[in-house]
Every structure is written in C-alpha cells, then in structure tokens.
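Shown here: coords.cif, mmCIF, C-alpha atoms.
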```cif
data_query
loop_
_atom_site.group_PDB
_atom_site.id
_atom_site.type_symbol
_atom_site.label_atom_id
_atom_site.label_comp_id
_atom_site.auth_asym_id
_atom_site.auth_seq_id
_atom_site.Cartn_x
_atom_site.Cartn_y
_atom_site.Cartn_z
ATOM 1 C CA MET A 30 67.708 -14.275 -0.678
ATOM 2 C CA GLU A 31 70.748 -16.114 -1.991
ATOM 3 C CA VAL A 32 74.367 -15.397 -1.160
ATOM 4 C CA SER A 33 77.363 -17.071 -2.749
ATOM 5 C CA ALA A 34 81.152 -17.279 -2.662
ATOM 6 C CA LYS A 35 83.613 -18.838 -5.099
ATOM 7 C CA LEU A 36 87.025 -20.407 -4.786
ATOM 8 C CA LYS A 37 88.697 -20.734 -8.154
ATOM 9 C CA TYR A 38 91.736 -22.798 -9.151
ATOM 10 C CA ALA A 39 91.789 -24.943 -5.997
ATOM 11 C CA ARG A 40 94.639 -27.432 -6.284
ATOM 12 C CA MET A 41 92.540 -30.565 -5.886
ATOM 13 C CA SER A 42 90.595 -32.666 -8.333
ATOM 14 C CA ALA A 43 86.878 -31.999 -8.553
ATOM 15 C CA LYS A 44 86.071 -35.643 -7.847
ATOM 16 C CA LYS A 45 87.674 -35.495 -4.389
ATOM 17 C CA VAL A 46 85.828 -32.301 -3.476
ATOM 18 C CA ARG A 47 82.441 -33.560 -4.740
ATOM 19 C CA ASP A 48 82.508 -36.479 -2.284
ATOM 20 C CA LEU A 49 82.253 -34.065 0.621
ATOM 21 C CA ALA A 50 80.087 -31.452 -1.109
ATOM 22 C CA GLY A 51 77.132 -33.833 -1.457
ATOM 23 C CA VAL A 52 76.924 -34.307 2.307
ATOM 24 C CA LEU A 53 76.470 -30.582 2.992
ATOM 25 C CA ARG A 54 73.451 -29.788 0.817
ATOM 26 C CA GLY A 55 70.388 -28.799 2.822
ATOM 27 C CA ARG A 56 72.193 -28.445 6.149
ATOM 28 C CA ASN A 57 72.174 -25.482 8.483
ATOM 29 C CA VAL A 58 75.317 -23.367 7.992
ATOM 30 C CA GLN A 59 76.456 -23.721 11.604
ATOM 31 C CA ASP A 60 76.168 -27.532 11.417
ATOM 32 C CA ALA A 61 77.958 -27.640 8.072
ATOM 33 C CA LEU A 62 80.846 -25.488 9.321
ATOM 34 C CA SER A 63 81.320 -27.587 12.449
ATOM 35 C CA PHE A 64 81.220 -30.763 10.324
ATOM 36 C CA LEU A 65 83.877 -29.350 7.989
ATOM 37 C CA LYS A 66 86.052 -28.064 10.820
ATOM 38 C CA PHE A 67 86.557 -31.535 12.268
ATOM 39 C CA SER A 68 86.837 -33.429 8.998
ATOM 40 C CA PRO A 69 90.439 -34.513 8.307
ATOM 41 C CA ARG A 70 90.274 -34.081 4.509
ATOM 42 C CA LYS A 71 91.958 -31.303 2.549
ATOM 43 C CA SER A 72 88.765 -30.764 0.575
ATOM 44 C CA ALA A 73 87.002 -29.970 3.870
ATOM 45 C CA ARG A 74 89.433 -27.098 4.484
ATOM 46 C CA LEU A 75 88.804 -25.699 1.005
ATOM 47 C CA ILE A 76 85.010 -25.844 1.359
ATOM 48 C CA TYR A 77 85.225 -24.455 4.917
ATOM 49 C CA LYS A 78 87.094 -21.366 3.710
ATOM 50 C CA THR A 79 84.631 -20.805 0.880
ATOM 51 C CA MET A 80 81.599 -21.277 3.124
ATOM 52 C CA SER A 81 83.039 -18.915 5.744
ATOM 53 C CA SER A 82 83.472 -16.322 3.012
ATOM 54 C CA ALA A 83 79.849 -16.774 1.913
ATOM 55 C CA VAL A 84 78.662 -16.311 5.514
ATOM 56 C CA ALA A 85 80.758 -13.142 5.814
ATOM 57 C CA ASN A 86 79.258 -11.875 2.536
ATOM 58 C CA ALA A 87 75.762 -12.515 3.888
ATOM 59 C CA GLU A 88 76.421 -10.739 7.174
ATOM 60 C CA ASN A 89 78.299 -7.717 5.822
ATOM 61 C CA ASN A 90 76.690 -7.091 2.430
ATOM 62 C CA ASN A 91 73.084 -8.223 2.969
ATOM 63 C CA ASP A 92 72.596 -7.824 6.755
ATOM 64 C CA LEU A 93 71.594 -11.467 7.276
ATOM 65 C CA LEU A 94 72.187 -13.566 10.367
ATOM 66 C CA ALA A 95 74.384 -16.648 10.101
ATOM 67 C CA SER A 96 71.869 -18.617 12.176
ATOM 68 C CA ASP A 97 69.180 -18.055 9.495
ATOM 69 C CA LEU A 98 71.201 -19.498 6.602
ATOM 70 C CA LEU A 99 70.988 -22.896 4.904
ATOM 71 C CA VAL A 100 73.412 -24.476 2.450
ATOM 72 C CA GLU A 101 71.397 -24.527 -0.744
ATOM 73 C CA ASN A 102 74.076 -25.963 -2.998
ATOM 74 C CA VAL A 103 77.803 -26.647 -3.247
ATOM 75 C CA ILE A 104 78.847 -26.707 -6.893
ATOM 76 C CA VAL A 105 82.220 -28.175 -7.822
ATOM 77 C CA GLU A 106 83.424 -27.799 -11.401
ATOM 78 C CA GLU A 107 86.638 -28.873 -13.044
ATOM 79 C CA GLY A 108 89.254 -26.210 -13.610
ATOM 80 C CA PRO A 109 92.258 -26.195 -15.932
ATOM 81 C CA VAL A 110 94.746 -29.049 -15.788
ATOM 82 C CA PHE A 111 98.476 -28.396 -15.445
ATOM 83 C CA LYS A 112 100.298 -30.846 -17.694
ATOM 84 C CA ARG A 113 103.764 -31.917 -16.567
ATOM 85 C CA PHE A 114 106.162 -34.731 -17.406
ATOM 86 C CA VAL A 115 108.327 -36.889 -15.184
ATOM 87 C CA PRO A 116 111.379 -38.824 -16.409
ATOM 88 C CA ALA A 117 110.767 -42.521 -16.910
ATOM 89 C CA PRO A 118 113.038 -45.491 -17.681
ATOM 90 C CA ARG A 119 114.921 -45.792 -20.965
ATOM 91 C CA GLY A 120 114.882 -42.087 -21.734
ATOM 92 C CA SER A 121 111.112 -41.727 -21.966
ATOM 93 C CA ALA A 122 108.727 -39.433 -20.107
ATOM 94 C CA HIS A 123 105.365 -40.068 -18.478
ATOM 95 C CA PRO A 124 102.697 -37.374 -18.304
ATOM 96 C CA ILE A 125 101.380 -36.053 -14.996
ATOM 97 C CA ARG A 126 98.077 -34.182 -14.846
ATOM 98 C CA LYS A 127 97.732 -31.754 -11.936
ATOM 99 C CA LYS A 128 94.017 -31.102 -11.716
ATOM 100 C CA THR A 129 92.294 -28.029 -10.326
ATOM 101 C CA SER A 130 88.685 -27.251 -9.442
ATOM 102 C CA HIS A 131 86.320 -24.335 -8.909
ATOM 103 C CA ILE A 132 84.122 -24.442 -5.774
ATOM 104 C CA LYS A 133 80.955 -22.350 -5.443
ATOM 105 C CA VAL A 134 78.896 -22.288 -2.236
ATOM 106 C CA ILE A 135 75.342 -20.948 -2.393
ATOM 107 C CA LEU A 136 73.522 -20.099 0.838
ATOM 108 C CA LYS A 137 69.889 -19.110 1.219
ATOM 109 C CA GLN A 138 67.916 -17.460 3.956
ATOM 110 C CA THR A 139 65.430 -19.706 5.774
ATOM 111 C CA LYS A 140 63.411 -17.175 7.750
ATOM 112 C CA LYS A 141 61.714 -14.240 6.066
ATOM 113 C CA GLU A 142 62.407 -10.757 7.375
ATOM 114 C CA LYS A 143 59.561 -8.816 8.943
#
```
Step by step, read the file and then write its structure as structure tokens.
Amino acid sequence: MEVSAKLKYARMSAKKVRDLAGVLRGRNVQDALSFLKFSPRKSARLIYKTMSSAVANAENNNDLLASDLLVENVIVEEGPVFKRFVPAPRGSAHPIRKKTSHIKVILKQTKKEK
C-alpha cells in the first residue's frame, strides 16, 4: 500500500531540494527522518515536514505502523517563479527570479498484513 503527502509552493528552488531527495530513496522511514532532523539544510526541514505528514497519513488513515514503512520516492518538481526587479546602476533594473518547488513524498509498506 502506498501513502503520500505533498508540499506545494515551497520557497526553494527544486535543484536544491533534489540534492537531498536522492539520498532518501529506499531508506526506512525512521532512518530517513533522523537523517533529515540533523541535516543543517533548509531543504531538509521542508522534506522532514512533508515526510512526517505522510507518516501521520499512514498511521491515521490506513492503520499502518511507521516502523513498517519505506521511502519509495521523493519527487521534486518546479513550481511557479515569482519575477521581481531590483534597481541597478544608471537607472536600469535587473530581474530576480524567486523560484518555488512542489515536494511529494511517497511511502510504501514493507511487511504484508496478516
């Protein structure tokens, strides 16, 4: 059985989040959460919140145990870009692109129920 959670419009570029997401695939959920908890990156906090939500969904909605879950996939997609301008020398303006991302965590059950 698969359980998922999404975080949409996270204020971080998808490239920065994907660096950490690749490390988590295939890990036990408890190991992945402890890894994320002690990682100093902002992207780790975003993935930690999303993964905690997926674990809560599994426990409350599907009656699964957190110890029986594996991280099947962490999908990071690009979201909309906020386009802003900052004043530059000689009366010109330079564009600034504030990128966002969508994070989806998919967990699966390892042990079959009896």
Given the file shown, determine the residues that the PyMOL selection byres ((chain A and resi 128-134) around 8) selects; report them as JSON, numbers by chain.
{"A": [33, 34, 35, 36, 37, 38, 39, 40, 41, 42, 43, 76, 79, 80, 83, 100, 101, 102, 103, 104, 105, 106, 107, 108, 109, 110, 111, 126, 127, 135, 136]}
Spatial neighbours of Leu99 of chain A, max dist 6 Å, all atoms listed in the file, sep filter under 5 positions, as a ChimeraX atom specification:
/A:56-58,136-137
Could you check the closest approach to Ala85 of chain A for each of A:Phe67, A:His123, A:Ala61, A:Leu98 and tell me which residue wins, using all atoms listed in the file?
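So, comparing all the options, the nearest one is A:Leu98.
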Tell me, in Å to one decimal, how far atom CA of Lys71 of chain A is from atom CA of Ala50 of chain A.
12.4 Å
Would you work out the distance separating atom CA of Leu65 of chain A from atom CA of Ile125 of chain A, expressed in Å to one decimal?
29.7 Å
How many Å separate atom CA of Lys140 of chain A from atom CA of Met30 of chain A?
9.9 Å
Final N, CA, C and O atoms of segment 113-135 of chain A as a PDB file, in the frame of the given file:
```pdb
ATOM      1  N   ARG A 113     102.337 -31.822 -16.837  1.00  0.00           N
ATOM      2  CA  ARG A 113     103.764 -31.917 -16.567  1.00  0.00           C
ATOM      3  C   ARG A 113     104.253 -33.297 -17.006  1.00  0.00           C
ATOM      4  O   ARG A 113     103.452 -34.202 -17.242  1.00  0.00           O
ATOM      5  N   PHE A 114     105.579 -33.447 -17.053  1.00  0.00           N
ATOM      6  CA  PHE A 114     106.162 -34.731 -17.406  1.00  0.00           C
ATOM      7  C   PHE A 114     107.223 -35.086 -16.381  1.00  0.00           C
ATOM      8  O   PHE A 114     107.894 -34.212 -15.838  1.00  0.00           O
ATOM      9  N   VAL A 115     107.334 -36.382 -16.114  1.00  0.00           N
ATOM     10  CA  VAL A 115     108.327 -36.889 -15.184  1.00  0.00           C
ATOM     11  C   VAL A 115     109.204 -37.886 -15.948  1.00  0.00           C
ATOM     12  O   VAL A 115     108.702 -38.633 -16.799  1.00  0.00           O
ATOM     13  N   PRO A 116     110.511 -37.876 -15.706  1.00  0.00           N
ATOM     14  CA  PRO A 116     111.379 -38.824 -16.409  1.00  0.00           C
ATOM     15  C   PRO A 116     111.006 -40.269 -16.064  1.00  0.00           C
ATOM     16  O   PRO A 116     110.644 -40.591 -14.938  1.00  0.00           O
ATOM     17  N   ALA A 117     111.099 -41.106 -17.067  1.00  0.00           N
ATOM     18  CA  ALA A 117     110.767 -42.521 -16.910  1.00  0.00           C
ATOM     19  C   ALA A 117     111.934 -43.356 -17.449  1.00  0.00           C
ATOM     20  O   ALA A 117     112.854 -42.819 -18.069  1.00  0.00           O
ATOM     21  N   PRO A 118     111.927 -44.651 -17.236  1.00  0.00           N
ATOM     22  CA  PRO A 118     113.038 -45.491 -17.681  1.00  0.00           C
ATOM     23  C   PRO A 118     113.271 -45.445 -19.187  1.00  0.00           C
ATOM     24  O   PRO A 118     112.360 -45.183 -19.968  1.00  0.00           O
ATOM     25  N   ARG A 119     114.489 -45.677 -19.570  1.00  0.00           N
ATOM     26  CA  ARG A 119     114.921 -45.792 -20.965  1.00  0.00           C
ATOM     27  C   ARG A 119     114.720 -44.490 -21.747  1.00  0.00           C
ATOM     28  O   ARG A 119     114.380 -44.492 -22.925  1.00  0.00           O
ATOM     29  N   GLY A 120     114.899 -43.375 -21.062  1.00  0.00           N
ATOM     30  CA  GLY A 120     114.882 -42.087 -21.734  1.00  0.00           C
ATOM     31  C   GLY A 120     113.507 -41.576 -22.125  1.00  0.00           C
ATOM     32  O   GLY A 120     113.407 -40.625 -22.889  1.00  0.00           O
ATOM     33  N   SER A 121     112.455 -42.191 -21.608  1.00  0.00           N
ATOM     34  CA  SER A 121     111.112 -41.727 -21.966  1.00  0.00           C
ATOM     35  C   SER A 121     110.573 -40.804 -20.873  1.00  0.00           C
ATOM     36  O   SER A 121     111.232 -40.556 -19.880  1.00  0.00           O
ATOM     37  N   ALA A 122     109.361 -40.302 -21.081  1.00  0.00           N
ATOM     38  CA  ALA A 122     108.727 -39.433 -20.107  1.00  0.00           C
ATOM     39  C   ALA A 122     107.267 -39.828 -19.969  1.00  0.00           C
ATOM     40  O   ALA A 122     106.617 -40.172 -20.951  1.00  0.00           O
ATOM     41  N   HIS A 123     106.772 -39.773 -18.734  1.00  0.00           N
ATOM     42  CA  HIS A 123     105.365 -40.068 -18.478  1.00  0.00           C
ATOM     43  C   HIS A 123     104.642 -38.778 -18.110  1.00  0.00           C
ATOM     44  O   HIS A 123     105.171 -37.971 -17.346  1.00  0.00           O
ATOM     45  N   PRO A 124     103.430 -38.607 -18.623  1.00  0.00           N
ATOM     46  CA  PRO A 124     102.697 -37.374 -18.304  1.00  0.00           C
ATOM     47  C   PRO A 124     102.103 -37.414 -16.900  1.00  0.00           C
ATOM     48  O   PRO A 124     101.711 -38.465 -16.394  1.00  0.00           O
ATOM     49  N   ILE A 125     102.050 -36.240 -16.284  1.00  0.00           N
ATOM     50  CA  ILE A 125     101.380 -36.053 -14.996  1.00  0.00           C
ATOM     51  C   ILE A 125     100.361 -34.945 -15.190  1.00  0.00           C
ATOM     52  O   ILE A 125     100.669 -33.900 -15.764  1.00  0.00           O
ATOM     53  N   ARG A 126      99.143 -35.174 -14.726  1.00  0.00           N
ATOM     54  CA  ARG A 126      98.077 -34.182 -14.846  1.00  0.00           C
ATOM     55  C   ARG A 126      97.746 -33.665 -13.462  1.00  0.00           C
ATOM     56  O   ARG A 126      97.243 -34.397 -12.629  1.00  0.00           O
ATOM     57  N   LYS A 127      98.031 -32.380 -13.222  1.00  0.00           N
ATOM     58  CA  LYS A 127      97.732 -31.754 -11.936  1.00  0.00           C
ATOM     59  C   LYS A 127      96.408 -31.021 -12.083  1.00  0.00           C
ATOM     60  O   LYS A 127      96.334 -29.957 -12.683  1.00  0.00           O
ATOM     61  N   LYS A 128      95.370 -31.608 -11.512  1.00  0.00           N
ATOM     62  CA  LYS A 128      94.017 -31.102 -11.716  1.00  0.00           C
ATOM     63  C   LYS A 128      93.676 -29.993 -10.734  1.00  0.00           C
ATOM     64  O   LYS A 128      94.163 -29.958  -9.608  1.00  0.00           O
ATOM     65  N   THR A 129      92.797 -29.100 -11.176  1.00  0.00           N
ATOM     66  CA  THR A 129      92.294 -28.029 -10.326  1.00  0.00           C
ATOM     67  C   THR A 129      90.766 -28.055 -10.371  1.00  0.00           C
ATOM     68  O   THR A 129      90.176 -28.750 -11.199  1.00  0.00           O
ATOM     69  N   SER A 130      90.145 -27.298  -9.476  1.00  0.00           N
ATOM     70  CA  SER A 130      88.685 -27.251  -9.442  1.00  0.00           C
ATOM     71  C   SER A 130      88.222 -25.866  -9.006  1.00  0.00           C
ATOM     72  O   SER A 130      88.971 -25.096  -8.412  1.00  0.00           O
ATOM     73  N   HIS A 131      86.982 -25.563  -9.329  1.00  0.00           N
ATOM     74  CA  HIS A 131      86.320 -24.335  -8.909  1.00  0.00           C
ATOM     75  C   HIS A 131      85.181 -24.729  -7.966  1.00  0.00           C
ATOM     76  O   HIS A 131      84.349 -25.554  -8.317  1.00  0.00           O
ATOM     77  N   ILE A 132      85.134 -24.126  -6.781  1.00  0.00           N
ATOM     78  CA  ILE A 132      84.122 -24.442  -5.774  1.00  0.00           C
ATOM     79  C   ILE A 132      83.229 -23.219  -5.598  1.00  0.00           C
ATOM     80  O   ILE A 132      83.721 -22.107  -5.400  1.00  0.00           O
ATOM     81  N   LYS A 133      81.917 -23.428  -5.662  1.00  0.00           N
ATOM     82  CA  LYS A 133      80.955 -22.350  -5.443  1.00  0.00           C
ATOM     83  C   LYS A 133      79.963 -22.794  -4.382  1.00  0.00           C
ATOM     84  O   LYS A 133      79.337 -23.847  -4.514  1.00  0.00           O
ATOM     85  N   VAL A 134      79.826 -22.001  -3.333  1.00  0.00           N
ATOM     86  CA  VAL A 134      78.896 -22.288  -2.236  1.00  0.00           C
ATOM     87  C   VAL A 134      77.751 -21.284  -2.315  1.00  0.00           C
ATOM     88  O   VAL A 134      77.983 -20.075  -2.365  1.00  0.00           O
ATOM     89  N   ILE A 135      76.528 -21.794  -2.337  1.00  0.00           N
ATOM     90  CA  ILE A 135      75.342 -20.948  -2.393  1.00  0.00           C
ATOM     91  C   ILE A 135      74.542 -21.157  -1.108  1.00  0.00           C
ATOM     92  O   ILE A 135      74.173 -22.281  -0.781  1.00  0.00           O
TER      93      ILE A 135
END
```
